[in-house]
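So the structure is just underneath, and the comments pick up after that.
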Amino acid sequence: MTDPHPRPPRVLRLLDPHAVLPLARVFVVLVGLSLIAGVAWMIWNARSVQLEESQKETANLAYALARHAQDTVKKVDTMLVGLVERLDVDGMAPQALQRLQRLLRLLVDASPELHGLFAYDRDGRWLSSSFEQSAAAANTSDREYFRYHRDNPDRGPHIGAPVRSRITGAWVIPISRRLEDAHGRFAGVVLATVDMGYFQRFYGTFDINRRGALSLTLDNGTVLVRHPYMERLIGASLATGPIFREHLPRSPVGNATLTSVVDGEVRLYSYRHLEHYPLVATAALSQAEVLANWRQDAYVQLGVATALALLLGLLGFHLTRLIKAGLATEAELLGARDSLAALNQRLEKLALEDELTGLANRRQFMAALDEEVLRAARHQRPLALLMLDVDHFKQFNDLYGHSAGDQCLRSVAQVIRGGQKRPGDLAARYGGEEFCVLLPETDMAGALVVAEQIRQTLESQGLVHAGSPLGLVTLSAGVHALIPTGEAESAAQLLHCADRALYRAKAKGRNRVCGFDVSLFKEKL
Ligand SMILES: Nc1nc2c(ncn2[C@@H]2O[C@H](COP(=O)(O)OP(=O)(O)OP(=O)(O)O)[C@@H](O)[C@H]2O)c(=O)[nH]1
């Protein structure tokens, strides 16, 4: 058996409006999530780009600081080399030292980075200086740089921790070289003090926002210069900080994002160890400041994306409501269509069926008769018609009443319905107490047998009819069969002849079957 409602293919099932509703919900959620995810990705990407750019900026800054420190120290050291040479050649006689003092003053006046130039003997006593002789600076043997050169044969430059000048009180960075006599013994120290303000002014020209930091340190972590200036950091040690502990031992140049050991600020750091001196230049920008603009943009973008996602959600909600309403309307329409179809079927049945007996009515019978006549004519096959009429039915009604008469007609109809043997046979109520049975593919002999069977069956039912001579309900039947010519009159001819035969059955005493016999009828058919 074929399924009256076959399952549609998968693609069509997806287009089914009931499947569309969850699909629409999933679609709206996915689009909303994709929107937010896309914007979040863009924001995160912009953050990485911003950090990368800022890190490049700090690397360039560190390079500029290192370059500046390198040039400054080199220039000062070149002067020290010249001074050592001069003392070696001219000796330390008072006249030579007086000439030296004039030179030292000229050099300091011509060098903005210099605070002062000094020469001390092996005991740390003042030999010559760019300053007038001062009691405070008369002996320098307690200074770290002096002790370094006294105890160390190294003749290279030495950069010391910052100290306060004993003459001016200013912070200075001491750069010094060892003096030796002809036998290579320690003979004293030449010293250049570099003005810390010189570095501070230079560092102040860079824009590092409010919380950035620039510094110059010895490679052991001792702070020489720090911008913005912090008194407590000058000479302090950053040796325990991550740059000196972890990064510098691995690479002389590098970048890192670190939390400052000084003030706890998270900064993007770039450091660079000078090529020829034990100095490290460091530039750092505050991560919070670097990301400030990005953060503001991110809030705006996220706000817009969230608003769009909400709007999308609202539209989706509205859309699903519309789909739901559409589905409900569709269901109602389908229900109405089904009811209408059922009603139509019922009306069709009513239009073709006799209400009292449930047999085909006269309209259906006439249509079937025309059709069967044409079919039989086409195939040149016999077609038979029985006309059956209940005997003395008027008396039955009169005796038992109209509703008992109806019931009797139903019983008769039941018997006649039982007379239909083949699927093509059609029993109908022709009108009143008169019935017809149409028998395709049946000749006169076969039709007479069917009619007789019906008559006998009714008789054998024993339906009491006091007004009938037999005391039972009986019927009379007229039968005719023919092979239609195909002309329109065949149907009328069949009806007419069967009716004539019925008339004859009635005339012959009722409760009998008569076939139409043309010889017995005078009239021309
Ligand atoms: N109860 C009932 N009676 C009907 C119906 N249709 C027709 N009749 C009655 O059937 C009777 C038919 O009577 P007649 O045509 O005189 O025929 P008859 O009394 O059967 O006599 P014969 O046919 O000559 O034996 C009439 O009294 C009709 O009123 C019906 O649907 N129900």
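Here, A, B, ... name the chains of the structure tokens in the order displayed, residue numbers run from 1 inside each chain, and ligands are numbered from 1 in the same displayed order.
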
Please build the interface table for chain A against ligand 1 with a cut-off of 10 Å, listing for each qualifying residue the nearest atom pair and the distance in Å to one decimal; count only C-alpha atoms and all ligand atoms, order rows by chain and increasing number, and write it as a Markdown table.
```
| residue | atom | partner | partner_atom_place_in_ligand_line | distance |
| --- | --- | --- | --- | --- |
| A:Glu355 | CA | ligand 1 | 31 (O) | 9.9 |
| A:Leu356 | CA | ligand 1 | 31 (O) | 7.4 |
| A:Thr357 | CA | ligand 1 | 31 (O) | 9.3 |
| A:Leu388 | CA | ligand 1 | 23 (O) | 9.6 |
| A:Asp389 | CA | ligand 1 | 23 (O) | 6.1 |
| A:Val390 | CA | ligand 1 | 20 (O) | 5.4 |
| A:Asp391 | CA | ligand 1 | 25 (O) | 3.5 |
| A:His392 | CA | ligand 1 | 25 (O) | 3.6 |
| A:Phe393 | CA | ligand 1 | 20 (O) | 3.5 |
| A:Lys394 | CA | ligand 1 | 19 (O) | 3.4 |
| A:Gln395 | CA | ligand 1 | 19 (O) | 5.8 |
| A:Phe396 | CA | ligand 1 | 19 (O) | 7.6 |
| A:Asn397 | CA | ligand 1 | 1 (N) | 5.6 |
| A:Asp398 | CA | ligand 1 | 27 (O) | 7.7 |
| A:Tyr400 | CA | ligand 1 | 1 (N) | 9.2 |
| A:Gly401 | CA | ligand 1 | 1 (N) | 7.2 |
| A:His402 | CA | ligand 1 | 1 (N) | 4.1 |
| A:Ser403 | CA | ligand 1 | 1 (N) | 5.8 |
| A:Ala404 | CA | ligand 1 | 1 (N) | 6.7 |
| A:Gly405 | CA | ligand 1 | 1 (N) | 3.6 |
| A:Asp406 | CA | ligand 1 | 1 (N) | 4.3 |
| A:Gln407 | CA | ligand 1 | 1 (N) | 7.7 |
| A:Cys408 | CA | ligand 1 | 1 (N) | 7.8 |
| A:Leu409 | CA | ligand 1 | 32 (N) | 6.9 |
| A:Arg410 | CA | ligand 1 | 32 (N) | 9.4 |
| A:Arg429 | CA | ligand 1 | 31 (O) | 9.8 |
| A:Gly431 | CA | ligand 1 | 6 (N) | 6.8 |
| A:Gly432 | CA | ligand 1 | 6 (N) | 3.1 |
| A:Glu433 | CA | ligand 1 | 7 (C) | 5.1 |
| A:Glu434 | CA | ligand 1 | 7 (C) | 8.1 |
| A:Gly467 | CA | ligand 1 | 19 (O) | 9.7 |
| A:Ser468 | CA | ligand 1 | 25 (O) | 8.8 |
| A:Thr474 | CA | ligand 1 | 25 (O) | 9.1 |
| A:Leu475 | CA | ligand 1 | 25 (O) | 8.0 |
| A:Ser476 | CA | ligand 1 | 25 (O) | 8.1 |
| A:Leu502 | CA | ligand 1 | 23 (O) | 9.7 |
| A:Tyr503 | CA | ligand 1 | 24 (O) | 8.8 |
| A:Lys506 | CA | ligand 1 | 24 (O) | 6.5 |
| A:Ala507 | CA | ligand 1 | 24 (O) | 8.5 |
| A:Gly509 | CA | ligand 1 | 25 (O) | 9.1 |
| A:Arg510 | CA | ligand 1 | 25 (O) | 7.0 |
| A:Asn511 | CA | ligand 1 | 25 (O) | 9.1 |
```

*Find the residues near Leu103 (chain A): any atom within 10 Å, counting only C-alpha atoms, skip ones fewer than 3 places away on the same chain, and give them as a PyMOL selection string.*
chain A and resi 83+97-100+106-109+117+129-130

*Can you tell me, as a list of chain:residue names, what residues are no more than 8 Å from region 271-286 of chain A when counting only C-alpha atoms, ignoring any on the same chain fewer than 6 positions away?*
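Selected residues are A:Ser54, A:Thr58, A:Ala59, A:Leu61, A:Ala62, A:Tyr63, A:Leu65, A:Ala66, A:Arg67, A:Ala69, A:Gln70, A:Ile159, A:Ile208, A:Asn209, A:Arg211, A:Gly212, A:Ala213, A:Leu214, A:Ser215, A:Leu216, A:Thr217, A:Leu218, A:Asp219, A:Pro252, A:Val253, A:Gly254, A:Asn255, A:Glu265.
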
*Work out how far CA of Leu350 (chain A) is from CA of Asp425 (chain A), in Å to one decimal.*
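CA of Asp425 (chain A) sits 20.0 Å away from CA of Leu350 (chain A).
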
*Please provide as a PyMOL selection string all residues within 7 Å of region 120-122 of chain A, with the sequence filter that same-chain residues fewer than 4 positions apart are discarded (counting only C-alpha atoms).*
chain A and resi 126-127+186-190

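Nearest residue to Gly241 (chain A) among A:Gly264, A:Pro228, A:Gly326, A:Gly515 is A:Gly264, counting only C-alpha atoms.
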
Selection: 8 Å around region 199-202 of chain A, only C-alpha atoms, excl. self and same-chain fewer than 3 positions, as a short mmCIF file (atom, residue, chain, number, x, y, z; two decimals) with C-alpha atoms, in the first residue's frame:
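Writing done, so here's around-v7.cif:
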```
data_model
loop_
_atom_site.label_atom_id
_atom_site.label_comp_id
_atom_site.auth_asym_id
_atom_site.auth_seq_id
_atom_site.Cartn_x
_atom_site.Cartn_y
_atom_site.Cartn_z
CA GLU A 113 77.96 67.93 29.92
CA ASP A 195 76.53 66.99 35.29
CA MET A 196 73.46 64.88 35.97
CA THR A 205 62.83 66.40 25.71
CA PHE A 206 61.12 63.02 25.14
CA VAL A 225 69.93 59.04 35.83
CA ARG A 226 66.21 58.66 36.14
CA HIS A 227 63.51 60.63 34.36
CA TYR A 229 63.64 62.61 38.51
#
```

*Would you kindly return, as a ChimeraX atom specification, each protein, DNA or RNA residue with an atom no farther than 9 Å from any atom of Gly160 (chain A), considering only C-alpha atoms and excluding same-chain residues fewer than 5 positions away?*
/A:144-145,173-176,218,224

*Please indicate the distance in Å from CA of Val464 (chain A) to CA of Gly358 (chain A), rounded to one decimal place.*
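Taking CA of Val464 (chain A) as the start and CA of Gly358 (chain A) as the end point, the length is 22.7 Å.
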
*Quick one: everything within 8 Å of region 48-50 of chain A, counting only C-alpha atoms, minus sequence neighbours fewer than 4 positions away in the same chain. Send it as a PyMOL selection string.*
chain A and resi 44+54+290-291+294

Put those residues in a file: N, CA and C atoms, as an mmCIF file, in the first residue's frame.
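New file again-v4.cif:
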```cif
data_model
loop_
_atom_site.group_PDB
_atom_site.id
_atom_site.type_symbol
_atom_site.label_atom_id
_atom_site.label_comp_id
_atom_site.auth_asym_id
_atom_site.auth_seq_id
_atom_site.Cartn_x
_atom_site.Cartn_y
_atom_site.Cartn_z
ATOM 1 N N TRP A 44 40.833 42.872 20.074
ATOM 2 C CA TRP A 44 42.036 42.217 20.598
ATOM 3 C C TRP A 44 43.212 42.438 19.659
ATOM 4 N N SER A 54 53.965 50.491 20.343
ATOM 5 C CA SER A 54 54.545 51.164 21.504
ATOM 6 C C SER A 54 55.884 50.548 21.878
ATOM 7 N N VAL A 290 49.493 53.579 27.322
ATOM 8 C CA VAL A 290 49.605 53.172 25.920
ATOM 9 C C VAL A 290 48.254 52.673 25.398
ATOM 10 N N LEU A 291 47.525 51.963 26.303
ATOM 11 C CA LEU A 291 46.263 51.355 25.870
ATOM 12 C C LEU A 291 45.043 52.234 26.149
ATOM 13 N N TRP A 294 43.101 53.007 23.019
ATOM 14 C CA TRP A 294 42.550 51.729 22.531
ATOM 15 C C TRP A 294 41.355 51.309 23.398
#
```

*Identify all residues of region 355-439 of chain A in strand (DSSP E) (DSSP on the backbone) and supply them as a PyMOL selection string.*
chain A and resi 383-390+426-431+434-439

Go ahead and dump the residues you just picked, N, CA, C and O atoms, as a tab-separated table (two decimals), in the first residue's frame.
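Contents of result_29.tsv, as written:
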```tsv
chain	number	residue	atom	x	y	z
A	383	LEU	N	-26.27	-5.29	-21.55
A	383	LEU	CA	-26.51	-4.50	-20.33
A	383	LEU	C	-27.95	-4.77	-19.92
A	383	LEU	O	-28.86	-4.70	-20.75
A	384	ALA	N	-28.14	-5.10	-18.61
A	384	ALA	CA	-29.50	-5.44	-18.15
A	384	ALA	C	-29.98	-4.46	-17.10
A	384	ALA	O	-29.17	-3.87	-16.38
A	385	LEU	N	-31.30	-4.29	-17.02
A	385	LEU	CA	-31.88	-3.40	-16.01
A	385	LEU	C	-33.07	-4.09	-15.34
A	385	LEU	O	-33.93	-4.66	-16.03
A	386	LEU	N	-33.08	-4.06	-13.97
A	386	LEU	CA	-34.23	-4.59	-13.23
A	386	LEU	C	-34.99	-3.39	-12.70
A	386	LEU	O	-34.38	-2.47	-12.16
A	387	MET	N	-36.33	-3.42	-12.84
A	387	MET	CA	-37.16	-2.41	-12.17
A	387	MET	C	-38.02	-3.15	-11.19
A	387	MET	O	-38.72	-4.11	-11.54
A	388	LEU	N	-37.93	-2.75	-9.89
A	388	LEU	CA	-38.61	-3.51	-8.83
A	388	LEU	C	-39.57	-2.58	-8.11
A	388	LEU	O	-39.23	-1.42	-7.82
A	389	ASP	N	-40.76	-3.09	-7.79
A	389	ASP	CA	-41.77	-2.25	-7.14
A	389	ASP	C	-42.45	-3.07	-6.05
A	389	ASP	O	-42.86	-4.22	-6.27
A	390	VAL	N	-42.51	-2.46	-4.84
A	390	VAL	CA	-43.13	-3.17	-3.70
A	390	VAL	C	-44.64	-3.31	-3.99
A	390	VAL	O	-45.28	-2.34	-4.39
A	426	LEU	N	-25.29	-1.84	-9.84
A	426	LEU	CA	-25.69	-0.66	-9.06
A	426	LEU	C	-27.19	-0.74	-8.73
A	426	LEU	O	-28.03	-0.80	-9.62
A	427	ALA	N	-27.45	-0.75	-7.39
A	427	ALA	CA	-28.84	-0.74	-6.93
A	427	ALA	C	-29.22	0.68	-6.57
A	427	ALA	O	-28.43	1.37	-5.93
A	428	ALA	N	-30.41	1.13	-6.97
A	428	ALA	CA	-30.80	2.51	-6.70
A	428	ALA	C	-32.28	2.58	-6.36
A	428	ALA	O	-33.05	1.69	-6.72
A	429	ARG	N	-32.62	3.65	-5.62
A	429	ARG	CA	-34.05	3.90	-5.40
A	429	ARG	C	-34.50	4.85	-6.50
A	429	ARG	O	-33.98	5.97	-6.59
A	430	TYR	N	-35.39	4.37	-7.28
A	430	TYR	CA	-35.80	5.15	-8.46
A	430	TYR	C	-36.81	6.21	-8.09
A	430	TYR	O	-36.87	7.28	-8.70
A	431	GLY	N	-37.58	5.92	-7.06
A	431	GLY	CA	-38.59	6.89	-6.61
A	431	GLY	C	-39.66	6.16	-5.83
A	431	GLY	O	-39.98	5.01	-6.16
A	434	GLU	N	-40.27	2.34	-5.62
A	434	GLU	CA	-39.75	1.73	-6.85
A	434	GLU	C	-38.22	1.74	-6.83
A	434	GLU	O	-37.60	2.77	-6.51
A	435	PHE	N	-37.61	0.58	-7.22
A	435	PHE	CA	-36.14	0.44	-7.20
A	435	PHE	C	-35.64	-0.04	-8.55
A	435	PHE	O	-36.40	-0.62	-9.32
A	436	CYS	N	-34.35	0.19	-8.82
A	436	CYS	CA	-33.72	-0.29	-10.06
A	436	CYS	C	-32.42	-0.98	-9.71
A	436	CYS	O	-31.74	-0.60	-8.75
A	437	VAL	N	-32.05	-1.97	-10.53
A	437	VAL	CA	-30.70	-2.52	-10.41
A	437	VAL	C	-30.13	-2.58	-11.82
A	437	VAL	O	-30.75	-3.16	-12.72
A	438	LEU	N	-28.95	-1.94	-11.97
A	438	LEU	CA	-28.26	-1.91	-13.27
A	438	LEU	C	-27.22	-3.01	-13.26
A	438	LEU	O	-26.38	-3.07	-12.34
A	439	LEU	N	-27.24	-3.90	-14.29
A	439	LEU	CA	-26.34	-5.05	-14.30
A	439	LEU	C	-25.52	-5.05	-15.59
A	439	LEU	O	-26.00	-5.56	-16.63
```

*Write out as a ChimeraX atom specification all residues of region 150-308 of chain A that DSSP puts in helix (DSSP H, G or I) for this structure's backbone.*
/A:150-151,196-203,231-233,242-250,287-290,292-308

Residues as selected, C-alpha atoms, written as a PDB file, in the first residue's frame, can you do that?
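As a result, result-v6.pdb now contains:
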```
ATOM      1  CA  ARG A 150      94.469  52.655  43.585  1.00  0.00           C
ATOM      2  CA  ASP A 151      93.656  48.977  44.002  1.00  0.00           C
ATOM      3  CA  MET A 196      73.458  64.879  35.972  1.00  0.00           C
ATOM      4  CA  GLY A 197      71.298  67.846  34.960  1.00  0.00           C
ATOM      5  CA  TYR A 198      72.713  67.496  31.464  1.00  0.00           C
ATOM      6  CA  PHE A 199      71.128  64.057  31.155  1.00  0.00           C
ATOM      7  CA  GLN A 200      67.950  65.172  32.907  1.00  0.00           C
ATOM      8  CA  ARG A 201      67.478  68.024  30.437  1.00  0.00           C
ATOM      9  CA  PHE A 202      68.057  65.720  27.476  1.00  0.00           C
ATOM     10  CA  TYR A 203      65.685  63.045  28.821  1.00  0.00           C
ATOM     11  CA  GLU A 231      65.952  61.655  44.407  1.00  0.00           C
ATOM     12  CA  ARG A 232      65.668  58.377  46.277  1.00  0.00           C
ATOM     13  CA  LEU A 233      66.546  56.384  43.147  1.00  0.00           C
ATOM     14  CA  PRO A 242      63.800  41.423  36.370  1.00  0.00           C
ATOM     15  CA  ILE A 243      65.762  43.328  33.706  1.00  0.00           C
ATOM     16  CA  PHE A 244      69.106  42.933  35.495  1.00  0.00           C
ATOM     17  CA  ARG A 245      68.318  39.526  36.980  1.00  0.00           C
ATOM     18  CA  GLU A 246      66.742  37.768  33.969  1.00  0.00           C
ATOM     19  CA  HIS A 247      66.851  39.692  30.720  1.00  0.00           C
ATOM     20  CA  LEU A 248      70.242  41.389  30.598  1.00  0.00           C
ATOM     21  CA  PRO A 249      72.231  38.198  31.318  1.00  0.00           C
ATOM     22  CA  ARG A 250      70.482  36.623  28.298  1.00  0.00           C
ATOM     23  CA  GLN A 287      50.921  49.965  29.497  1.00  0.00           C
ATOM     24  CA  ALA A 288      47.774  51.604  30.902  1.00  0.00           C
ATOM     25  CA  GLU A 289      48.606  54.892  29.157  1.00  0.00           C
ATOM     26  CA  VAL A 290      49.605  53.172  25.920  1.00  0.00           C
ATOM     27  CA  ALA A 292      44.153  54.307  27.054  1.00  0.00           C
ATOM     28  CA  ASN A 293      42.949  55.332  23.573  1.00  0.00           C
ATOM     29  CA  TRP A 294      42.550  51.729  22.531  1.00  0.00           C
ATOM     30  CA  ARG A 295      40.456  51.063  25.662  1.00  0.00           C
ATOM     31  CA  GLN A 296      38.174  53.986  24.875  1.00  0.00           C
ATOM     32  CA  ASP A 297      37.721  52.785  21.267  1.00  0.00           C
ATOM     33  CA  ALA A 298      37.128  49.243  22.513  1.00  0.00           C
ATOM     34  CA  TYR A 299      34.311  50.396  24.828  1.00  0.00           C
ATOM     35  CA  VAL A 300      32.661  52.276  21.963  1.00  0.00           C
ATOM     36  CA  GLN A 301      33.027  49.350  19.530  1.00  0.00           C
ATOM     37  CA  LEU A 302      31.787  46.828  22.090  1.00  0.00           C
ATOM     38  CA  GLY A 303      28.867  49.110  22.940  1.00  0.00           C
ATOM     39  CA  VAL A 304      27.895  49.450  19.277  1.00  0.00           C
ATOM     40  CA  ALA A 305      28.292  45.689  18.676  1.00  0.00           C
ATOM     41  CA  THR A 306      26.195  44.851  21.749  1.00  0.00           C
ATOM     42  CA  ALA A 307      23.518  47.325  20.664  1.00  0.00           C
ATOM     43  CA  LEU A 308      23.501  45.781  17.177  1.00  0.00           C
TER      44      LEU A 308
END
```
